[in-house]
$ cat model-v7.cif   # mmCIF, C-alpha atoms and all ligand atoms
data_structure
loop_
_atom_site.label_atom_id
_atom_site.label_comp_id
_atom_site.auth_asym_id
_atom_site.auth_seq_id
_atom_site.Cartn_x
_atom_site.Cartn_y
_atom_site.Cartn_z
CA MET A 286 147.23 110.06 15.12
CA PRO A 287 146.85 113.75 16.10
CA SER A 288 143.68 114.65 17.98
CA ILE A 289 141.04 116.57 16.04
CA PRO A 290 140.63 120.15 17.32
CA TYR A 291 136.98 120.46 16.24
CA SER A 292 133.77 120.24 18.25
CA LYS A 293 131.38 117.36 17.54
CA LYS A 294 128.97 119.83 15.89
CA VAL A 295 131.66 121.05 13.47
CA MET A 296 132.58 117.46 12.59
CA ASP A 297 128.91 116.48 12.08
CA LEU A 298 128.28 119.41 9.74
CA PHE A 299 131.54 118.90 7.88
CA LEU A 300 130.61 115.26 7.19
CA ASN A 301 126.95 116.01 6.50
CA PRO A 302 126.55 119.65 5.45
CA LYS A 303 123.09 121.12 4.99
CA ASN A 304 121.98 123.27 2.02
CA LEU A 305 124.89 122.27 -0.17
CA GLY A 306 124.55 123.00 -3.89
CA GLU A 307 123.36 125.70 -6.26
CA ILE A 308 120.15 127.64 -6.92
CA GLU A 309 118.94 128.18 -10.46
CA ASN A 310 118.49 131.92 -11.14
CA PRO A 311 119.34 133.11 -7.61
CA ASP A 312 118.04 136.48 -6.41
CA GLY A 313 121.35 137.22 -4.73
CA GLN A 314 124.75 135.59 -4.71
CA ALA A 315 128.35 136.07 -3.68
CA THR A 316 131.65 134.32 -4.14
CA GLU A 317 134.10 135.28 -1.45
CA GLY A 318 137.75 134.37 -1.08
CA SER A 319 139.94 134.45 1.99
CA PRO A 320 143.27 136.25 1.70
CA ALA A 321 144.44 134.21 4.72
CA CYS A 322 144.23 130.81 3.03
CA GLY A 323 143.12 131.34 -0.59
CA ASP A 324 139.93 129.31 -0.18
CA ILE A 325 136.61 130.24 -1.75
CA VAL A 326 132.95 129.95 -0.78
CA GLN A 327 129.88 130.62 -2.92
CA LEU A 328 126.48 131.40 -1.44
CA GLN A 329 123.16 131.90 -3.27
CA LEU A 330 119.73 133.10 -2.14
CA LYS A 331 116.10 132.96 -3.19
CA VAL A 332 114.20 135.83 -1.58
CA ASN A 333 110.44 136.47 -1.47
CA LYS A 334 110.20 140.03 -2.82
CA ASP A 335 106.99 140.83 -0.92
CA THR A 336 108.08 139.64 2.52
CA GLN A 337 111.90 139.84 2.08
CA VAL A 338 112.09 136.36 3.60
CA ILE A 339 114.96 134.09 2.51
CA GLU A 340 113.08 131.12 1.08
CA ASP A 341 116.05 129.12 -0.11
CA ILE A 342 119.79 129.29 0.41
CA LYS A 343 122.60 127.10 -0.87
CA PHE A 344 126.37 127.11 -0.66
CA LYS A 345 129.42 125.52 -2.20
CA SER A 346 132.75 125.59 -0.42
CA PHE A 347 136.30 125.01 -1.51
CA GLY A 348 137.44 125.58 2.04
CA CYS A 349 138.20 123.53 5.11
CA ALA A 350 136.04 121.83 7.74
CA SER A 351 135.46 125.08 9.69
CA ASN A 352 134.37 126.88 6.58
CA ILE A 353 131.99 124.11 5.49
CA ALA A 354 130.51 123.73 8.98
CA THR A 355 130.02 127.50 9.34
CA ALA A 356 128.46 127.88 5.90
CA SER A 357 126.15 124.98 6.68
CA ILE A 358 124.99 126.42 9.99
CA ILE A 359 124.47 129.96 8.70
CA THR A 360 122.32 128.65 5.85
CA GLU A 361 120.20 126.79 8.41
CA ILE A 362 119.91 129.90 10.59
CA ALA A 363 119.18 132.29 7.70
CA LYS A 364 116.57 130.17 5.92
CA GLY A 365 113.09 131.48 6.81
CA LYS A 366 114.51 134.76 8.20
CA THR A 367 114.09 138.19 6.61
CA ILE A 368 117.14 139.67 4.92
CA GLN A 369 117.31 142.22 7.74
CA GLU A 370 117.38 139.50 10.39
CA ALA A 371 120.01 137.55 8.44
CA LYS A 372 122.17 140.66 8.09
CA ASN A 373 122.20 141.07 11.85
CA LEU A 374 123.59 137.58 12.42
CA LYS A 375 126.74 137.95 14.51
CA TYR A 376 129.94 135.98 14.26
CA SER A 377 129.77 135.23 18.01
CA GLN A 378 126.33 133.60 17.61
CA VAL A 379 127.65 131.40 14.81
CA VAL A 380 130.65 130.23 16.83
CA GLU A 381 128.41 129.52 19.81
CA GLU A 382 126.13 127.36 17.65
CA LEU A 383 129.20 125.47 16.43
CA GLY A 384 130.38 124.71 19.96
CA GLY A 385 133.53 126.81 19.49
CA LEU A 386 136.32 126.90 16.90
CA PRO A 387 140.12 126.68 17.10
CA ALA A 388 141.65 130.19 16.98
CA VAL A 389 143.56 129.50 13.76
CA LYS A 390 140.24 128.71 12.07
CA VAL A 391 138.46 131.97 12.84
CA HIS A 392 139.07 133.40 9.36
CA CYS A 393 137.35 130.37 7.78
CA SER A 394 134.19 131.12 9.68
CA ILE A 395 134.36 134.85 8.94
CA LEU A 396 134.68 133.99 5.25
CA ALA A 397 131.41 132.02 5.37
CA LEU A 398 129.55 134.77 7.22
CA GLN A 399 130.95 137.36 4.81
CA SER A 400 129.51 135.41 1.88
CA LEU A 401 126.02 135.59 3.42
CA LYS A 402 126.29 139.35 3.95
CA ARG A 403 127.62 139.92 0.43
CA ALA A 404 124.90 137.76 -1.14
CA ILE A 405 122.27 139.85 0.69
CA GLU A 406 123.97 143.06 -0.50
CA ASN A 407 123.93 141.70 -4.04
CA TYR A 408 120.17 141.06 -3.70
CA GLU A 409 119.64 144.57 -2.32
CA GLU A 410 121.65 146.16 -5.11
CA LYS A 411 119.72 144.28 -7.78
CA ASN A 412 116.41 145.33 -6.22
CA GLY A 413 117.17 148.96 -5.39
CA LEU A 414 117.18 148.27 -1.64
CA VAL A 415 120.70 149.38 -0.79
CA ALA A 416 120.68 150.04 2.94
CA LYS A 417 122.09 153.30 4.26
CA ASP A 418 122.84 151.82 7.67
CA ARG A 419 124.60 148.66 6.57
CA PRO A 420 125.88 146.81 9.64
CA THR A 421 129.53 145.96 9.95
CA ASP A 422 130.78 142.39 9.60
CA GLU A 423 131.86 141.80 13.16
FE1 LIG A 501 142.21 126.00 3.17
FE2 LIG A 501 143.31 123.94 4.23
S1 LIG A 501 144.20 125.81 3.83
S2 LIG A 501 141.33 124.15 3.57
FE1 LIG A 502 140.64 128.23 4.27
FE2 LIG A 502 139.52 127.30 6.37
S1 LIG A 502 141.60 127.25 5.92
S2 LIG A 502 138.56 128.31 4.74
#
$ encode --input "model-v7.cif" --output "structure tokens"
Amino acid sequence: MPSIPYSKKVMDLFLNPKNLGEIENPDGQATEGSPACGDIVQLQLKVNKDTQVIEDIKFKSFGCASNIATASIITEIAKGKTIQEAKNLKYSQVVEELGGLPAVKVHCSILALQSLKRAIENYEEKNGLVAKDRPTDE
């Protein structure tokens, strides 16, 4: 049997992802696809409009283990943070939390992070909060 190239953390989250599912009437949402593999991830948010704190966050993934593990960990990190704090989440932080990722799986993780940023943008657009200094997706 070939050895599995994933960290224990990635395997744990793949087998037992957190915040999986859908939110009824989300305040922001995004469905992002990866041109590299054709997979899709959906991410939805509930945001407190007074504090701008992400009160709930759920995802659904039609991607691979890296994508599911990344989406799971970013939902855990983003929950309870303000939308500004969540927007500043860096790809490098996510990979560190995951205990590393195989190089060929980088795009899967970027896809998950992209879905968080797009869902926040969708919330901002719907609420007239479009930021002028939107951070890049690195
Ligand atoms: Fe997307 Fe395998 S190519 S999960
Ligand atoms: Fe498509 Fe990982 S191979 S999300």
$ atom_distance --input "model-v7.cif" --atom1 "CA of Glu309 in chain A" --atom2 "CA of Ile342 in chain A"
11.0 Å
$ residues_near_ligand --input "model-v7.cif" --ligand "ligand LIG 502 (chain A)" --cutoff "9 Å" --atoms "only C-alpha atoms and all ligand atoms" --output "PyMOL selection string"
chain A and resi 318-326+346-353+389-397
$ atom_distance --input "model-v7.cif" --atom1 "atom S2 of ligand LIG 501 (chain A)" --atom2 "CA of Ala356 in chain A"
13.6 Å
$ closest_residue --input "model-v7.cif" --among "A:Glu409, A:Tyr291, A:Phe344, A:Ile339" --to "Ile308 in chain A" --atoms "only C-alpha atoms"
A:Phe344
$ residues_around --input "model-v7.cif" --residues "Glu381 in chain A" --least-positions-apart "5" --cutoff "12 Å" --atoms "only C-alpha atoms" --output "list in words"
Ser292, Lys294, Val295, Thr355, Ile358, Ile359, Leu374, Lys375, Tyr376, Leu386 and Ser394 of chain A
$ closest_residue --input "model-v7.cif" --among "A:Phe299, A:Gly313, A:Ala363, A:Leu328" --to "ligand LIG 501 (chain A)" --atoms "all atoms listed in the file"
A:Phe299
$ build_atoms --input "model-v7.cif" --residues "range 332-364 of chain A" --atoms "N, CA and C atoms" --output "PDB file, in the coordinates of the input"
ATOM      1  N   VAL A 332     114.860 134.957  -2.539  1.00  0.00           N
ATOM      2  CA  VAL A 332     114.200 135.830  -1.580  1.00  0.00           C
ATOM      3  C   VAL A 332     112.781 136.137  -2.058  1.00  0.00           C
ATOM      4  N   ASN A 333     111.805 136.071  -1.150  1.00  0.00           N
ATOM      5  CA  ASN A 333     110.440 136.470  -1.470  1.00  0.00           C
ATOM      6  C   ASN A 333     110.397 138.006  -1.501  1.00  0.00           C
ATOM      7  N   LYS A 334     110.080 138.570  -2.658  1.00  0.00           N
ATOM      8  CA  LYS A 334     110.200 140.030  -2.820  1.00  0.00           C
ATOM      9  C   LYS A 334     109.125 140.794  -2.069  1.00  0.00           C
ATOM     10  N   ASP A 335     108.026 140.133  -1.686  1.00  0.00           N
ATOM     11  CA  ASP A 335     106.990 140.830  -0.920  1.00  0.00           C
ATOM     12  C   ASP A 335     107.342 140.865   0.564  1.00  0.00           C
ATOM     13  N   THR A 336     107.820 139.731   1.070  1.00  0.00           N
ATOM     14  CA  THR A 336     108.080 139.640   2.520  1.00  0.00           C
ATOM     15  C   THR A 336     109.549 139.841   2.869  1.00  0.00           C
ATOM     16  N   GLN A 337     110.438 139.781   1.872  1.00  0.00           N
ATOM     17  CA  GLN A 337     111.900 139.840   2.080  1.00  0.00           C
ATOM     18  C   GLN A 337     112.400 138.674   2.923  1.00  0.00           C
ATOM     19  N   VAL A 338     111.661 137.565   2.873  1.00  0.00           N
ATOM     20  CA  VAL A 338     112.090 136.360   3.600  1.00  0.00           C
ATOM     21  C   VAL A 338     112.970 135.502   2.689  1.00  0.00           C
ATOM     22  N   ILE A 339     114.062 134.991   3.246  1.00  0.00           N
ATOM     23  CA  ILE A 339     114.960 134.090   2.510  1.00  0.00           C
ATOM     24  C   ILE A 339     114.279 132.717   2.438  1.00  0.00           C
ATOM     25  N   GLU A 340     113.839 132.373   1.235  1.00  0.00           N
ATOM     26  CA  GLU A 340     113.080 131.120   1.080  1.00  0.00           C
ATOM     27  C   GLU A 340     113.982 129.936   0.783  1.00  0.00           C
ATOM     28  N   ASP A 341     115.110 130.209   0.140  1.00  0.00           N
ATOM     29  CA  ASP A 341     116.050 129.120  -0.110  1.00  0.00           C
ATOM     30  C   ASP A 341     117.465 129.695  -0.080  1.00  0.00           C
ATOM     31  N   ILE A 342     118.399 128.847   0.282  1.00  0.00           N
ATOM     32  CA  ILE A 342     119.790 129.290   0.410  1.00  0.00           C
ATOM     33  C   ILE A 342     120.688 128.073   0.232  1.00  0.00           C
ATOM     34  N   LYS A 343     121.697 128.244  -0.601  1.00  0.00           N
ATOM     35  CA  LYS A 343     122.600 127.100  -0.870  1.00  0.00           C
ATOM     36  C   LYS A 343     124.042 127.611  -0.919  1.00  0.00           C
ATOM     37  N   PHE A 344     124.965 126.714  -0.578  1.00  0.00           N
ATOM     38  CA  PHE A 344     126.370 127.110  -0.660  1.00  0.00           C
ATOM     39  C   PHE A 344     127.218 125.998  -1.262  1.00  0.00           C
ATOM     40  N   LYS A 345     128.382 126.442  -1.738  1.00  0.00           N
ATOM     41  CA  LYS A 345     129.420 125.520  -2.200  1.00  0.00           C
ATOM     42  C   LYS A 345     130.712 126.041  -1.593  1.00  0.00           C
ATOM     43  N   SER A 346     131.521 125.139  -1.057  1.00  0.00           N
ATOM     44  CA  SER A 346     132.750 125.590  -0.420  1.00  0.00           C
ATOM     45  C   SER A 346     133.950 124.848  -0.973  1.00  0.00           C
ATOM     46  N   PHE A 347     135.008 125.606  -1.201  1.00  0.00           N
ATOM     47  CA  PHE A 347     136.300 125.010  -1.510  1.00  0.00           C
ATOM     48  C   PHE A 347     137.237 125.290  -0.346  1.00  0.00           C
ATOM     49  N   GLY A 348     136.667 125.295   0.838  1.00  0.00           N
ATOM     50  CA  GLY A 348     137.440 125.580   2.040  1.00  0.00           C
ATOM     51  C   GLY A 348     137.540 124.355   2.928  1.00  0.00           C
ATOM     52  N   CYS A 349     137.919 124.618   4.166  1.00  0.00           N
ATOM     53  CA  CYS A 349     138.200 123.530   5.110  1.00  0.00           C
ATOM     54  C   CYS A 349     136.966 123.181   5.938  1.00  0.00           C
ATOM     55  N   ALA A 350     137.148 122.297   6.903  1.00  0.00           N
ATOM     56  CA  ALA A 350     136.040 121.830   7.740  1.00  0.00           C
ATOM     57  C   ALA A 350     135.331 122.988   8.454  1.00  0.00           C
ATOM     58  N   SER A 351     136.081 123.945   8.978  1.00  0.00           N
ATOM     59  CA  SER A 351     135.460 125.080   9.690  1.00  0.00           C
ATOM     60  C   SER A 351     134.602 125.897   8.753  1.00  0.00           C
ATOM     61  N   ASN A 352     135.101 126.088   7.552  1.00  0.00           N
ATOM     62  CA  ASN A 352     134.370 126.880   6.580  1.00  0.00           C
ATOM     63  C   ASN A 352     133.078 126.168   6.173  1.00  0.00           C
ATOM     64  N   ILE A 353     133.164 124.894   5.903  1.00  0.00           N
ATOM     65  CA  ILE A 353     131.990 124.110   5.490  1.00  0.00           C
ATOM     66  C   ILE A 353     130.966 124.064   6.631  1.00  0.00           C
ATOM     67  N   ALA A 354     131.430 123.803   7.840  1.00  0.00           N
ATOM     68  CA  ALA A 354     130.510 123.730   8.980  1.00  0.00           C
ATOM     69  C   ALA A 354     129.845 125.078   9.223  1.00  0.00           C
ATOM     70  N   THR A 355     130.601 126.175   9.114  1.00  0.00           N
ATOM     71  CA  THR A 355     130.020 127.500   9.340  1.00  0.00           C
ATOM     72  C   THR A 355     129.017 127.835   8.251  1.00  0.00           C
ATOM     73  N   ALA A 356     129.388 127.576   7.000  1.00  0.00           N
ATOM     74  CA  ALA A 356     128.460 127.880   5.900  1.00  0.00           C
ATOM     75  C   ALA A 356     127.184 127.074   6.083  1.00  0.00           C
ATOM     76  N   SER A 357     127.325 125.820   6.474  1.00  0.00           N
ATOM     77  CA  SER A 357     126.150 124.980   6.680  1.00  0.00           C
ATOM     78  C   SER A 357     125.249 125.561   7.769  1.00  0.00           C
ATOM     79  N   ILE A 358     125.831 125.946   8.878  1.00  0.00           N
ATOM     80  CA  ILE A 358     124.990 126.420   9.990  1.00  0.00           C
ATOM     81  C   ILE A 358     124.379 127.785   9.688  1.00  0.00           C
ATOM     82  N   ILE A 359     125.084 128.649   8.979  1.00  0.00           N
ATOM     83  CA  ILE A 359     124.470 129.960   8.700  1.00  0.00           C
ATOM     84  C   ILE A 359     123.330 129.811   7.680  1.00  0.00           C
ATOM     85  N   THR A 360     123.440 128.840   6.784  1.00  0.00           N
ATOM     86  CA  THR A 360     122.320 128.650   5.850  1.00  0.00           C
ATOM     87  C   THR A 360     121.101 128.148   6.623  1.00  0.00           C
ATOM     88  N   GLU A 361     121.329 127.290   7.600  1.00  0.00           N
ATOM     89  CA  GLU A 361     120.200 126.790   8.410  1.00  0.00           C
ATOM     90  C   GLU A 361     119.576 127.921   9.230  1.00  0.00           C
ATOM     91  N   ILE A 362     120.429 128.794   9.767  1.00  0.00           N
ATOM     92  CA  ILE A 362     119.910 129.900  10.590  1.00  0.00           C
ATOM     93  C   ILE A 362     119.162 130.905   9.700  1.00  0.00           C
ATOM     94  N   ALA A 363     119.732 131.202   8.532  1.00  0.00           N
ATOM     95  CA  ALA A 363     119.180 132.290   7.700  1.00  0.00           C
ATOM     96  C   ALA A 363     117.899 131.888   6.956  1.00  0.00           C
ATOM     97  N   LYS A 364     117.743 130.608   6.672  1.00  0.00           N
ATOM     98  CA  LYS A 364     116.570 130.170   5.920  1.00  0.00           C
ATOM     99  C   LYS A 364     115.297 130.446   6.733  1.00  0.00           C
TER     100      LYS A 364
END
